[in-house]
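Heads up, coords-v2.cif below (mmCIF, C-alpha atoms and all ligand atoms):
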```
data_start
loop_
_atom_site.label_atom_id
_atom_site.label_comp_id
_atom_site.auth_asym_id
_atom_site.auth_seq_id
_atom_site.Cartn_x
_atom_site.Cartn_y
_atom_site.Cartn_z
CA MET M 1 0.00 0.00 0.00
CA ILE M 2 1.08 3.53 -0.70
CA SER M 3 0.52 6.04 2.10
CA GLU M 4 -1.43 9.27 1.58
CA GLU M 5 1.67 11.14 2.58
CA LYS M 6 3.68 9.59 -0.24
CA ILE M 7 0.95 10.22 -2.78
CA PHE M 8 0.74 13.92 -1.96
CA ALA M 9 4.53 14.23 -1.86
CA ALA M 10 4.83 12.65 -5.33
CA LYS M 11 6.74 14.55 -8.00
CA ILE M 12 4.47 16.05 -10.64
CA LEU M 13 5.70 17.51 -13.92
CA ALA M 14 3.18 19.61 -15.89
CA ILE M 15 4.01 20.50 -19.50
CA ASP M 16 1.84 23.03 -21.34
CA ASP M 17 2.84 25.97 -23.54
CA ASN M 18 -0.13 27.97 -22.28
CA ILE M 19 1.06 29.62 -19.09
CA LEU M 20 -2.43 30.45 -17.91
CA ASN M 21 -3.67 26.87 -18.29
CA ILE M 22 -0.72 25.45 -16.48
CA GLN M 23 -1.02 27.87 -13.60
CA ILE M 24 -4.67 26.97 -13.13
CA LEU M 25 -3.72 23.32 -13.07
CA LYS M 26 -0.95 23.94 -10.57
CA LYS M 27 -3.33 25.82 -8.30
CA ILE M 28 -5.86 23.00 -8.36
CA LEU M 29 -3.15 20.48 -7.49
CA ILE M 30 -1.82 22.60 -4.65
CA ASN M 31 -5.32 23.11 -3.27
CA ALA M 32 -5.84 19.38 -3.40
CA GLY M 33 -2.75 18.88 -1.22
CA PHE M 34 0.03 18.06 -3.71
CA ILE M 35 3.26 19.79 -2.78
CA ASN M 36 5.84 18.84 -5.36
CA ILE M 37 4.91 20.37 -8.71
CA THR M 38 7.20 21.50 -11.50
CA ILE M 39 5.78 23.30 -14.49
CA ILE M 40 7.38 23.90 -17.88
CA THR M 41 6.01 25.77 -20.87
CA ASP M 42 8.75 24.77 -23.32
CA PRO M 43 8.13 21.17 -24.44
CA THR M 44 11.70 20.84 -25.77
CA GLN M 45 12.84 20.78 -22.13
CA ALA M 46 10.55 17.87 -21.33
CA ILE M 47 13.11 15.08 -21.68
CA ASP M 48 15.82 16.80 -19.67
CA ARG M 49 13.42 17.66 -16.88
CA TYR M 50 12.03 14.12 -16.91
CA LYS M 51 15.51 12.64 -16.54
CA GLU M 52 16.34 15.04 -13.78
CA LEU M 53 13.09 14.74 -11.81
CA LYS M 54 11.90 11.21 -12.56
CA PRO M 55 8.34 12.43 -11.95
CA ASP M 56 5.57 10.19 -10.64
CA LEU M 57 3.00 12.02 -12.77
CA ILE M 58 3.35 13.87 -16.06
CA LEU M 59 0.51 16.16 -17.05
CA LEU M 60 0.97 16.75 -20.74
CA ASP M 61 -0.69 19.09 -23.20
CA LEU M 62 -1.09 17.82 -26.78
CA ASN M 63 -1.10 20.98 -28.88
CA MET M 64 2.18 22.74 -28.40
CA PRO M 65 4.54 24.49 -30.83
CA LYS M 66 7.98 23.01 -31.70
CA LEU M 67 7.18 19.68 -30.07
CA ASP M 68 3.65 18.41 -29.57
CA GLY M 69 2.48 16.04 -26.86
CA PHE M 70 2.76 13.01 -29.18
CA ALA M 71 6.41 13.78 -29.91
CA VAL M 72 7.11 14.21 -26.20
CA MET M 73 5.50 10.83 -25.44
CA LEU M 74 7.54 9.19 -28.19
CA GLN M 75 10.78 10.59 -26.81
CA LEU M 76 9.88 9.53 -23.28
CA SER M 77 8.98 6.02 -24.36
CA LEU M 78 12.35 5.66 -26.10
CA LEU M 79 14.25 6.51 -22.92
CA ASP M 80 13.44 3.23 -21.26
CA PRO M 81 10.92 1.11 -23.17
CA ASP M 82 10.19 -1.04 -20.09
CA ASP M 83 9.43 1.87 -17.79
CA TYR M 84 5.91 2.69 -16.64
CA LEU M 85 5.28 6.22 -17.91
CA PRO M 86 2.74 7.97 -15.68
CA ILE M 87 1.34 10.27 -18.35
CA SER M 88 -2.01 12.00 -18.18
CA ILE M 89 -2.97 14.09 -21.19
CA VAL M 90 -4.67 17.41 -20.59
CA THR M 91 -6.94 17.98 -23.52
CA ALA M 92 -10.13 19.34 -24.94
CA GLU M 93 -9.67 17.25 -28.06
CA GLU M 94 -12.21 14.95 -29.64
CA GLU M 95 -12.24 11.19 -29.11
CA SER M 96 -10.15 10.20 -32.15
CA VAL M 97 -7.23 12.33 -30.94
CA ARG M 98 -7.56 10.95 -27.42
CA PHE M 99 -7.58 7.44 -28.82
CA LYS M 100 -4.32 8.15 -30.63
CA ALA M 101 -2.87 9.54 -27.38
CA LEU M 102 -3.85 6.37 -25.58
CA GLN M 103 -2.03 4.32 -28.20
CA SER M 104 1.02 6.54 -27.80
CA GLY M 105 1.35 5.76 -24.10
CA ALA M 106 -1.07 8.03 -22.27
CA LYS M 107 -2.59 6.42 -19.18
CA ASP M 108 -5.52 8.82 -18.70
CA PHE M 109 -6.99 12.22 -19.64
CA LEU M 110 -7.82 15.38 -17.80
CA HIS M 111 -10.48 17.35 -19.56
CA LYS M 112 -10.32 21.06 -20.11
CA PRO M 113 -11.86 23.03 -18.52
CA TYR M 114 -10.65 21.28 -15.38
CA GLU M 115 -12.89 19.88 -12.72
CA HIS M 116 -11.20 19.79 -9.33
CA LEU M 117 -12.42 16.35 -8.38
CA ASP M 118 -11.47 14.90 -11.75
CA VAL M 119 -7.92 16.29 -11.46
CA LEU M 120 -7.53 15.01 -7.92
CA LEU M 121 -8.89 11.51 -8.55
CA LYS M 122 -7.09 10.84 -11.80
CA SER M 123 -3.81 12.29 -10.60
CA ARG M 124 -3.73 10.20 -7.49
CA ASN M 125 -4.68 7.04 -9.39
CA ILE M 126 -1.75 7.37 -11.76
CA ILE M 127 0.61 8.32 -8.95
CA GLU M 128 -0.46 5.30 -6.93
CA VAL M 129 0.18 2.94 -9.85
CA ARG M 130 3.53 4.58 -10.53
CA LEU M 131 4.66 4.33 -6.90
CA LEU M 132 3.55 0.71 -6.70
CA TYR M 133 5.41 0.05 -9.93
CA ASN M 134 8.55 1.64 -8.45
CA GLN M 135 8.15 -0.41 -5.29
CA ILE M 136 7.95 -3.68 -7.23
CA LYS M 137 10.82 -2.67 -9.46
CA ASN M 138 13.03 -1.84 -6.49
CA HIS M 139 12.04 -5.05 -4.77
CA ASN M 140 12.88 -7.05 -7.91
CA THR M 141 16.21 -5.28 -8.28
CA SER M 142 17.11 -6.06 -4.71
CA LEU M 143 16.04 -9.71 -5.10
CA GLU M 144 18.07 -9.95 -8.28
CA GLN M 145 21.05 -8.48 -6.49
CA GLN M 146 20.67 -10.97 -3.65
CA VAL M 147 20.47 -13.88 -6.11
CA ASN M 148 23.55 -12.61 -7.97
CA ASP M 149 25.44 -12.25 -4.70
CA ARG M 150 24.55 -15.79 -3.72
CA ILE M 151 25.58 -17.17 -7.12
CA LYS M 152 28.89 -15.35 -6.86
CA GLU M 153 29.45 -16.66 -3.37
CA ILE M 154 28.75 -20.24 -4.48
CA ARG M 155 31.10 -19.83 -7.47
CA ASP M 156 33.84 -18.36 -5.32
CA THR M 157 33.48 -21.11 -2.74
CA ARG M 158 33.61 -23.77 -5.43
CA LEU M 159 36.73 -22.22 -6.90
CA ASP M 160 38.28 -21.94 -3.46
CA VAL M 161 37.58 -25.59 -2.60
CA ILE M 162 38.95 -26.77 -5.95
CA GLN M 163 42.11 -24.73 -5.53
CA ARG M 164 42.67 -25.87 -1.97
CA LEU M 165 42.24 -29.49 -2.99
CA ALA M 166 44.74 -29.00 -5.81
CA VAL M 167 47.23 -27.31 -3.50
CA ALA M 168 46.75 -30.12 -0.95
CA ALA M 169 47.82 -32.64 -3.60
CA GLU M 170 50.81 -30.53 -4.57
CA LEU M 171 51.93 -30.03 -0.97
CA ARG M 172 52.09 -33.79 -0.55
CA ASP M 173 54.49 -33.80 -3.47
CA LYS M 174 56.74 -31.24 -1.69
CA GLY M 175 55.43 -28.49 -3.93
CA THR M 176 54.33 -25.06 -2.80
CA GLY M 177 51.07 -24.73 -4.68
CA MET M 178 52.68 -22.48 -7.27
CA HIS M 179 52.94 -25.23 -9.87
CA VAL M 180 49.16 -25.64 -10.16
CA TYR M 181 48.74 -21.87 -10.17
CA ARG M 182 51.15 -21.30 -13.06
CA MET M 183 50.20 -24.45 -14.94
CA SER M 184 46.52 -23.51 -14.98
CA ARG M 185 47.35 -20.04 -16.30
CA TYR M 186 49.47 -21.59 -19.08
CA CYS M 187 46.50 -23.81 -19.95
CA GLN M 188 44.28 -20.76 -20.23
CA ILE M 189 46.71 -19.01 -22.58
CA ILE M 190 46.81 -21.96 -24.98
CA ALA M 191 43.03 -22.35 -24.77
CA ARG M 192 42.45 -18.72 -25.71
CA ALA M 193 44.99 -18.98 -28.53
CA ILE M 194 43.12 -21.87 -30.16
CA GLY M 195 39.74 -20.18 -29.93
CA PHE M 196 38.18 -21.37 -26.65
CA THR M 197 35.50 -18.96 -25.52
CA ARG M 198 36.21 -16.94 -22.43
CA GLU M 199 33.87 -19.20 -20.46
CA GLN M 200 35.53 -22.42 -21.69
CA SER M 201 39.02 -21.14 -21.01
CA GLU M 202 37.98 -20.07 -17.51
CA LEU M 203 36.56 -23.52 -16.92
CA LEU M 204 39.92 -24.96 -17.91
CA LEU M 205 41.72 -22.46 -15.67
CA THR M 206 39.58 -23.59 -12.75
CA THR M 207 39.74 -27.33 -13.30
CA SER M 208 43.32 -27.89 -14.54
CA PRO M 209 44.82 -27.42 -11.03
CA LEU M 210 43.26 -30.76 -10.16
CA HIS M 211 45.32 -32.67 -12.74
CA ASP M 212 47.52 -34.33 -10.09
CA VAL M 213 44.91 -34.66 -7.35
CA GLY M 214 45.35 -38.46 -7.52
CA LYS M 215 48.78 -38.04 -5.92
CA ILE M 216 46.95 -37.73 -2.61
CA ALA M 217 46.47 -41.49 -2.82
CA ILE M 218 50.10 -42.38 -3.68
CA PRO M 219 52.13 -43.69 -0.70
CA ASP M 220 54.70 -41.28 0.74
CA SER M 221 57.43 -43.92 0.45
CA ILE M 222 57.14 -43.64 -3.33
CA LEU M 223 55.94 -40.08 -3.83
CA LEU M 224 58.67 -38.62 -1.61
CA LYS M 225 61.44 -41.09 -2.38
CA PRO M 226 64.69 -39.11 -2.68
CA SER M 227 66.44 -41.62 -4.96
CA SER M 228 65.29 -42.68 -8.41
CA LEU M 229 62.24 -44.88 -8.69
CA GLU M 230 62.20 -48.60 -9.40
CA PRO M 231 60.12 -49.52 -12.45
CA TYR M 232 57.32 -50.93 -10.25
CA GLU M 233 57.34 -47.72 -8.21
CA PHE M 234 56.97 -45.67 -11.36
CA GLU M 235 54.00 -47.85 -12.29
CA ILE M 236 52.43 -46.83 -8.98
CA ILE M 237 53.16 -43.15 -9.61
CA LYS M 238 51.39 -43.48 -12.96
CA THR M 239 48.20 -44.51 -11.19
CA HIS M 240 47.77 -40.91 -9.95
CA THR M 241 45.94 -40.39 -13.27
CA THR M 242 43.33 -43.11 -12.79
CA LEU M 243 43.10 -42.51 -9.05
CA GLY M 244 42.51 -38.81 -9.64
CA ALA M 245 39.86 -39.51 -12.26
CA LYS M 246 38.17 -41.93 -9.85
CA MET M 247 38.15 -39.32 -7.09
CA LEU M 248 36.51 -36.83 -9.40
CA SER M 249 34.10 -39.18 -11.17
CA GLY M 250 30.35 -39.56 -10.85
CA SER M 251 29.46 -35.89 -10.63
CA ASP M 252 27.04 -33.95 -12.81
CA SER M 253 29.08 -30.81 -12.40
CA VAL M 254 30.77 -29.59 -15.59
CA PHE M 255 33.70 -28.56 -13.42
CA LEU M 256 34.29 -32.00 -11.99
CA LYS M 257 33.66 -33.69 -15.32
CA MET M 258 36.35 -31.61 -16.97
CA ALA M 259 38.68 -32.09 -14.01
CA GLU M 260 38.16 -35.86 -14.27
CA THR M 261 39.00 -35.81 -18.00
CA ILE M 262 42.17 -33.81 -17.31
CA ALA M 263 43.29 -36.01 -14.41
CA LEU M 264 42.97 -39.07 -16.62
CA SER M 265 44.53 -37.72 -19.80
CA HIS M 266 47.27 -35.22 -18.90
CA HIS M 267 50.07 -37.82 -19.26
CA GLU M 268 48.90 -39.22 -22.58
CA ARG M 269 51.21 -38.46 -25.50
CA TRP M 270 50.37 -37.52 -29.07
CA ASP M 271 52.35 -40.55 -30.38
CA GLY M 272 50.45 -42.96 -28.11
CA ARG M 273 53.38 -43.65 -25.78
CA GLY M 274 51.88 -41.93 -22.77
CA TYR M 275 49.84 -43.32 -19.88
CA PRO M 276 47.52 -44.59 -18.46
CA ASN M 277 45.67 -45.66 -21.64
CA GLY M 278 48.21 -45.14 -24.41
CA LYS M 279 45.72 -43.04 -26.33
CA LYS M 280 47.06 -41.12 -29.27
CA GLU M 281 46.45 -37.97 -31.26
CA GLU M 282 42.85 -36.82 -31.19
CA GLU M 283 41.74 -39.79 -29.13
CA ILE M 284 43.21 -37.80 -26.27
CA PRO M 285 40.74 -35.17 -25.05
CA LEU M 286 41.76 -31.67 -26.14
CA VAL M 287 41.91 -30.37 -22.56
CA GLY M 288 44.27 -33.21 -21.67
CA ARG M 289 46.54 -32.32 -24.60
CA ILE M 290 46.58 -28.67 -23.53
CA CYS M 291 47.38 -29.58 -19.93
CA ALA M 292 50.21 -31.85 -21.07
CA ILE M 293 52.11 -28.89 -22.57
CA ALA M 294 51.36 -26.55 -19.67
CA ASP M 295 52.33 -29.20 -17.09
CA VAL M 296 55.64 -30.13 -18.73
CA PHE M 297 56.48 -26.49 -19.42
CA ASP M 298 56.14 -25.60 -15.77
CA ALA M 299 57.83 -28.76 -14.50
CA LEU M 300 60.91 -28.13 -16.67
CA SER M 301 61.14 -24.43 -15.94
CA SER M 302 60.84 -24.84 -12.16
CA ASN M 303 63.26 -26.01 -9.52
CA ARG M 304 62.48 -29.49 -8.23
CA PRO M 305 64.26 -31.40 -5.42
CA TYR M 306 66.01 -33.55 -8.05
CA LYS M 307 66.82 -30.87 -10.65
CA LYS M 308 67.46 -27.21 -11.28
CA ALA M 309 65.06 -25.13 -13.32
CA TRP M 310 65.67 -24.94 -17.05
CA THR M 311 65.75 -21.44 -18.51
CA PHE M 312 62.73 -20.09 -20.36
CA ASP M 313 64.49 -20.53 -23.71
CA GLU M 314 65.66 -24.06 -22.93
CA THR M 315 62.15 -25.04 -21.87
CA THR M 316 60.59 -23.46 -24.95
CA ALA M 317 63.05 -25.29 -27.21
CA GLU M 318 62.23 -28.58 -25.50
CA ILE M 319 58.46 -28.14 -25.92
CA LYS M 320 59.03 -27.38 -29.61
CA ARG M 321 61.33 -30.39 -29.95
CA LEU M 322 58.56 -32.64 -28.62
CA LYS M 323 56.06 -31.39 -31.20
CA GLY M 324 54.34 -34.34 -32.85
CA THR M 325 55.83 -36.92 -30.46
CA HIS M 326 54.83 -35.92 -26.95
CA PHE M 327 52.60 -33.00 -27.87
CA ASP M 328 49.83 -32.12 -30.32
CA PRO M 329 51.61 -30.23 -33.15
CA LYS M 330 48.83 -27.65 -33.50
CA LEU M 331 48.98 -26.85 -29.81
CA VAL M 332 52.75 -26.46 -29.96
CA GLU M 333 52.19 -23.96 -32.79
CA ALA M 334 49.72 -22.08 -30.59
CA PHE M 335 52.20 -22.21 -27.71
CA GLY M 336 54.86 -20.74 -30.04
CA ASP M 337 52.54 -17.83 -30.81
CA MET M 338 51.95 -17.08 -27.14
CA LEU M 339 55.52 -17.03 -25.80
CA LYS M 340 55.20 -13.47 -24.55
CA ASP M 341 52.28 -14.44 -22.35
CA PHE M 342 54.05 -17.55 -21.09
CA LYS M 343 57.12 -15.46 -20.28
CA ALA M 344 55.05 -13.01 -18.23
CA ILE M 345 53.79 -15.79 -15.97
CA HIS M 346 57.15 -17.56 -15.93
CA ASP M 347 58.82 -14.35 -14.76
CA GLU M 348 56.37 -13.88 -11.88
CA LYS M 349 58.42 -16.43 -9.90
FE FE F 1 50.51 -35.69 -13.37
FE FE F 2 51.58 -31.19 -12.74
#
```

Let's see the structure in the file written out as structure tokens.
Amino acid sequence: MISEEKIFAAKILAIDDNILNIQILKKILINAGFINITIITDPTQAIDRYKELKPDLILLDLNMPKLDGFAVMLQLSLLDPDDYLPISIVTAEEESVRFKALQSGAKDFLHKPYEHLDVLLKSRNIIEVRLLYNQIKNHNTSLEQQVNDRIKEIRDTRLDVIQRLAVAAELRDKGTGMHVYRMSRYCQIIARAIGFTREQSELLLTTSPLHDVGKIAIPDSILLKPSSLEPYEFEIIKTHTTLGAKMLSGSDSVFLKMAETIALSHHERWDGRGYPNGKKEEEIPLVGRICAIADVFDALSSNRPYKKAWTFDETTAEIKRLKGTHFDPKLVEAFGDMLKDFKAIHDEK
């Protein structure tokens, strides 16, 4: 419900080139109890005043020089086509003209010469509808805002959980969490270079940190072994792919589905000599092929307990050397085009 107080405090804009007419109208409105009335006699100012005031009632004359009431209504309706325009036409015109005004957006008519009761009743009706409309609109905007806030919170939490899980896996491997951070950014660069949409490349950015999550399930005695691995131990290390995929499987979430695909396929090789399934070329999911380059690039260019970091140029040369054997040739081409971006992340260390 709209209170009487609000109705009489509503903003009224009266537009009529005839100063006498408009003053009579203003007087009637003031006598009725309305307190917030702006009058203009130049219709070319109508739009600016409307924008400035956002009136709850517009009392509009039809016959005016320079810009008639129809033209004013057209301009107002173009400002915001979804807005409720609280327009009442003040007219002595015949029915056909009034009908046209109705079609142009008028909500009601005040007849000249004015009758006090008619002005009061019709004005307050339009104002009431307009204020109710504003109320609903504000309520909807606030609901929409609340829903958007909640969606953002859920997204942020999901991202946070995914990243923490990925870092947990890396910490077990004596990492610092920086590998998954850089590697996922490298993935995103390649994805953008080969035409992934922004949304797809962000999905890859979010899910690729989970590529080694299966390492959580590899025994410390093997994962952290300081000396080189026995062949059977390496076979166990390799199972981080299938274990990771198993940990991530069975979800309907596009995030977890992509993460599962990546966990399973990031050690496959273009020539079929990778693991766990020995898939080759395009049998290997594209996201897995992208992650393979990003993962190796970061592994080579970082310090590890058993080796010193290769330089950026040495690492780049190695990725290019492995084109068509370890890596998808097209992706190595894309990588070659994006060296500046890779270097920027590489140099963040
Ligand atoms: Fe891995
Ligand atoms: Fe990795």

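Comparing the minimum interatomic distances between Lys112 of chain M and each of M:Met338, M:Val90, M:Leu79, M:Ile30, counting all atoms listed in the file, we find that M:Val90 sits nearest.
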
| Spatial neighbours of Asp82 of chain M, 12 Å, only C-alpha atoms, chain gap at least 4 places, as a PyMOL selection string | chain M and resi 76-78+105+133+137

Export of the given selection (C-alpha atoms) as a PDB file, in the frame of the given file:
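Dumped to result-v1.pdb:
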```
ATOM      1  CA  LEU M  76       9.880   9.530 -23.280  1.00  0.00           C
ATOM      2  CA  SER M  77       8.980   6.020 -24.360  1.00  0.00           C
ATOM      3  CA  LEU M  78      12.350   5.660 -26.100  1.00  0.00           C
ATOM      4  CA  GLY M 105       1.350   5.760 -24.100  1.00  0.00           C
ATOM      5  CA  TYR M 133       5.410   0.050  -9.930  1.00  0.00           C
ATOM      6  CA  LYS M 137      10.820  -2.670  -9.460  1.00  0.00           C
TER       7      LYS M 137
END
```

| request: Give the answer as one residue: which of M:Glu281, M:Asp328, M:Glu233, M:Asp212 has the shortest atom-to-atom distance to ligand FE 2 (chain F), using all atoms listed in the file? | output: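 Among M:Glu281, M:Asp328, M:Glu233, M:Asp212, it is M:Asp212 that comes nearest to ligand FE 2 (chain F).
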
| task | Rank nothing, just name the residue among M:Asp313, M:Glu202, M:Glu115, M:Glu170 nearest to ligand FE 2 (chain F), using only C-alpha atoms and all ligand atoms. | result |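 Closest to ligand FE 2 (chain F), using only C-alpha atoms and all ligand atoms: M:Glu170.
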
| request: Kindly provide, as a PyMOL selection string, all nucleotide and amino acid residues lying within 12 Å of ligand FE 1 (chain F), counting only C-alpha atoms and all ligand atoms. | output: chain M and resi 166+169-170+173+179-180+183+208-216+218+223+237-245+262-268+274-276+288+291-296+298-299

Any chance you can output those residues with C-alpha atoms as a PDB file, in the frame of the given file?
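The result, stored in out13.pdb:
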```pdb
ATOM      1  CA  ALA M 166      44.740 -29.000  -5.810  1.00  0.00           C
ATOM      2  CA  ALA M 169      47.820 -32.640  -3.600  1.00  0.00           C
ATOM      3  CA  GLU M 170      50.810 -30.530  -4.570  1.00  0.00           C
ATOM      4  CA  ASP M 173      54.490 -33.800  -3.470  1.00  0.00           C
ATOM      5  CA  HIS M 179      52.940 -25.230  -9.870  1.00  0.00           C
ATOM      6  CA  VAL M 180      49.160 -25.640 -10.160  1.00  0.00           C
ATOM      7  CA  MET M 183      50.200 -24.450 -14.940  1.00  0.00           C
ATOM      8  CA  SER M 208      43.320 -27.890 -14.540  1.00  0.00           C
ATOM      9  CA  PRO M 209      44.820 -27.420 -11.030  1.00  0.00           C
ATOM     10  CA  LEU M 210      43.260 -30.760 -10.160  1.00  0.00           C
ATOM     11  CA  HIS M 211      45.320 -32.670 -12.740  1.00  0.00           C
ATOM     12  CA  ASP M 212      47.520 -34.330 -10.090  1.00  0.00           C
ATOM     13  CA  VAL M 213      44.910 -34.660  -7.350  1.00  0.00           C
ATOM     14  CA  GLY M 214      45.350 -38.460  -7.520  1.00  0.00           C
ATOM     15  CA  LYS M 215      48.780 -38.040  -5.920  1.00  0.00           C
ATOM     16  CA  ILE M 216      46.950 -37.730  -2.610  1.00  0.00           C
ATOM     17  CA  ILE M 218      50.100 -42.380  -3.680  1.00  0.00           C
ATOM     18  CA  LEU M 223      55.940 -40.080  -3.830  1.00  0.00           C
ATOM     19  CA  ILE M 237      53.160 -43.150  -9.610  1.00  0.00           C
ATOM     20  CA  LYS M 238      51.390 -43.480 -12.960  1.00  0.00           C
ATOM     21  CA  THR M 239      48.200 -44.510 -11.190  1.00  0.00           C
ATOM     22  CA  HIS M 240      47.770 -40.910  -9.950  1.00  0.00           C
ATOM     23  CA  THR M 241      45.940 -40.390 -13.270  1.00  0.00           C
ATOM     24  CA  THR M 242      43.330 -43.110 -12.790  1.00  0.00           C
ATOM     25  CA  LEU M 243      43.100 -42.510  -9.050  1.00  0.00           C
ATOM     26  CA  GLY M 244      42.510 -38.810  -9.640  1.00  0.00           C
ATOM     27  CA  ALA M 245      39.860 -39.510 -12.260  1.00  0.00           C
ATOM     28  CA  ILE M 262      42.170 -33.810 -17.310  1.00  0.00           C
ATOM     29  CA  ALA M 263      43.290 -36.010 -14.410  1.00  0.00           C
ATOM     30  CA  LEU M 264      42.970 -39.070 -16.620  1.00  0.00           C
ATOM     31  CA  SER M 265      44.530 -37.720 -19.800  1.00  0.00           C
ATOM     32  CA  HIS M 266      47.270 -35.220 -18.900  1.00  0.00           C
ATOM     33  CA  HIS M 267      50.070 -37.820 -19.260  1.00  0.00           C
ATOM     34  CA  GLU M 268      48.900 -39.220 -22.580  1.00  0.00           C
ATOM     35  CA  GLY M 274      51.880 -41.930 -22.770  1.00  0.00           C
ATOM     36  CA  TYR M 275      49.840 -43.320 -19.880  1.00  0.00           C
ATOM     37  CA  PRO M 276      47.520 -44.590 -18.460  1.00  0.00           C
ATOM     38  CA  GLY M 288      44.270 -33.210 -21.670  1.00  0.00           C
ATOM     39  CA  CYS M 291      47.380 -29.580 -19.930  1.00  0.00           C
ATOM     40  CA  ALA M 292      50.210 -31.850 -21.070  1.00  0.00           C
ATOM     41  CA  ILE M 293      52.110 -28.890 -22.570  1.00  0.00           C
ATOM     42  CA  ALA M 294      51.360 -26.550 -19.670  1.00  0.00           C
ATOM     43  CA  ASP M 295      52.330 -29.200 -17.090  1.00  0.00           C
ATOM     44  CA  VAL M 296      55.640 -30.130 -18.730  1.00  0.00           C
ATOM     45  CA  ASP M 298      56.140 -25.600 -15.770  1.00  0.00           C
ATOM     46  CA  ALA M 299      57.830 -28.760 -14.500  1.00  0.00           C
TER      47      ALA M 299
END
```

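Summary of the local environment: counting all atoms listed in the file, residues at most 12 Å from segment 94-99 of chain M, other than itself and those fewer than 4 positions away along its chain, are Asp61, Leu62, Asn63, Gly69, Phe70, Ser88, Ile89, Val90, Gln103, Ser104, Gly105, Ala106, Lys107, Asp108, Phe109, Leu110, His111 and Lys112 of chain M.
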
| field | Given all atoms listed in the file as the counted atoms, nearest of M:Lys51, M:Arg192, M:Arg182, M:Arg289 to ligand FE 2 (chain F) | value | M:Arg182

| query | Of the candidates M:Ile319, M:Ile189, M:Val167, M:Met247, which one gets nearest to ligand FE 2 (chain F) if we count all atoms listed in the file? | reply |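 Between M:Ile319, M:Ile189, M:Val167, M:Met247, the residue approaching ligand FE 2 (chain F) most closely is M:Val167.
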
| query | Which polymer residues have any atom within 9 Å of an atom of Ala309 of chain M, counting all atoms listed in the file, with same-chain residues fewer than 4 positions away left out, as a PyMOL selection string? | reply | chain M and resi 299-304

| field | Among listed residues M:Leu229, M:Val119, M:Ile136, M:Ala344, nearest Ile2 of chain M (using all atoms listed in the file) | value | M:Ile136

| query | What is the atom CA of Asp341 of chain M-atom CA of Arg273 of chain M distance in Å, reported with one decimal? | reply |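 Interatomic distance here is 29.4 Å.
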
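For the pair atom CA of Pro285 of chain M and atom CA of Leu339 of chain M, the interatomic distance is 23.4 Å.
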
| Atomic separation - atom CA of Lys246 of chain M relative to atom CA of Leu205 of chain M, Å |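 Taking atom CA of Leu205 of chain M as the start and atom CA of Lys246 of chain M as the end point, the length is 20.6 Å.
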
| message | For segment 8-18 of chain M, find every residue with an atom within 10 Å (counting only C-alpha atoms), except residues of its own chain fewer than 4 positions away, and show them as number ranges by chain. | response | M: 3-4, 22-23, 25-26, 29-30, 32-46, 49-50, 53-65, 68-69, 72, 86-90, 123-124, 127-128, 130-131
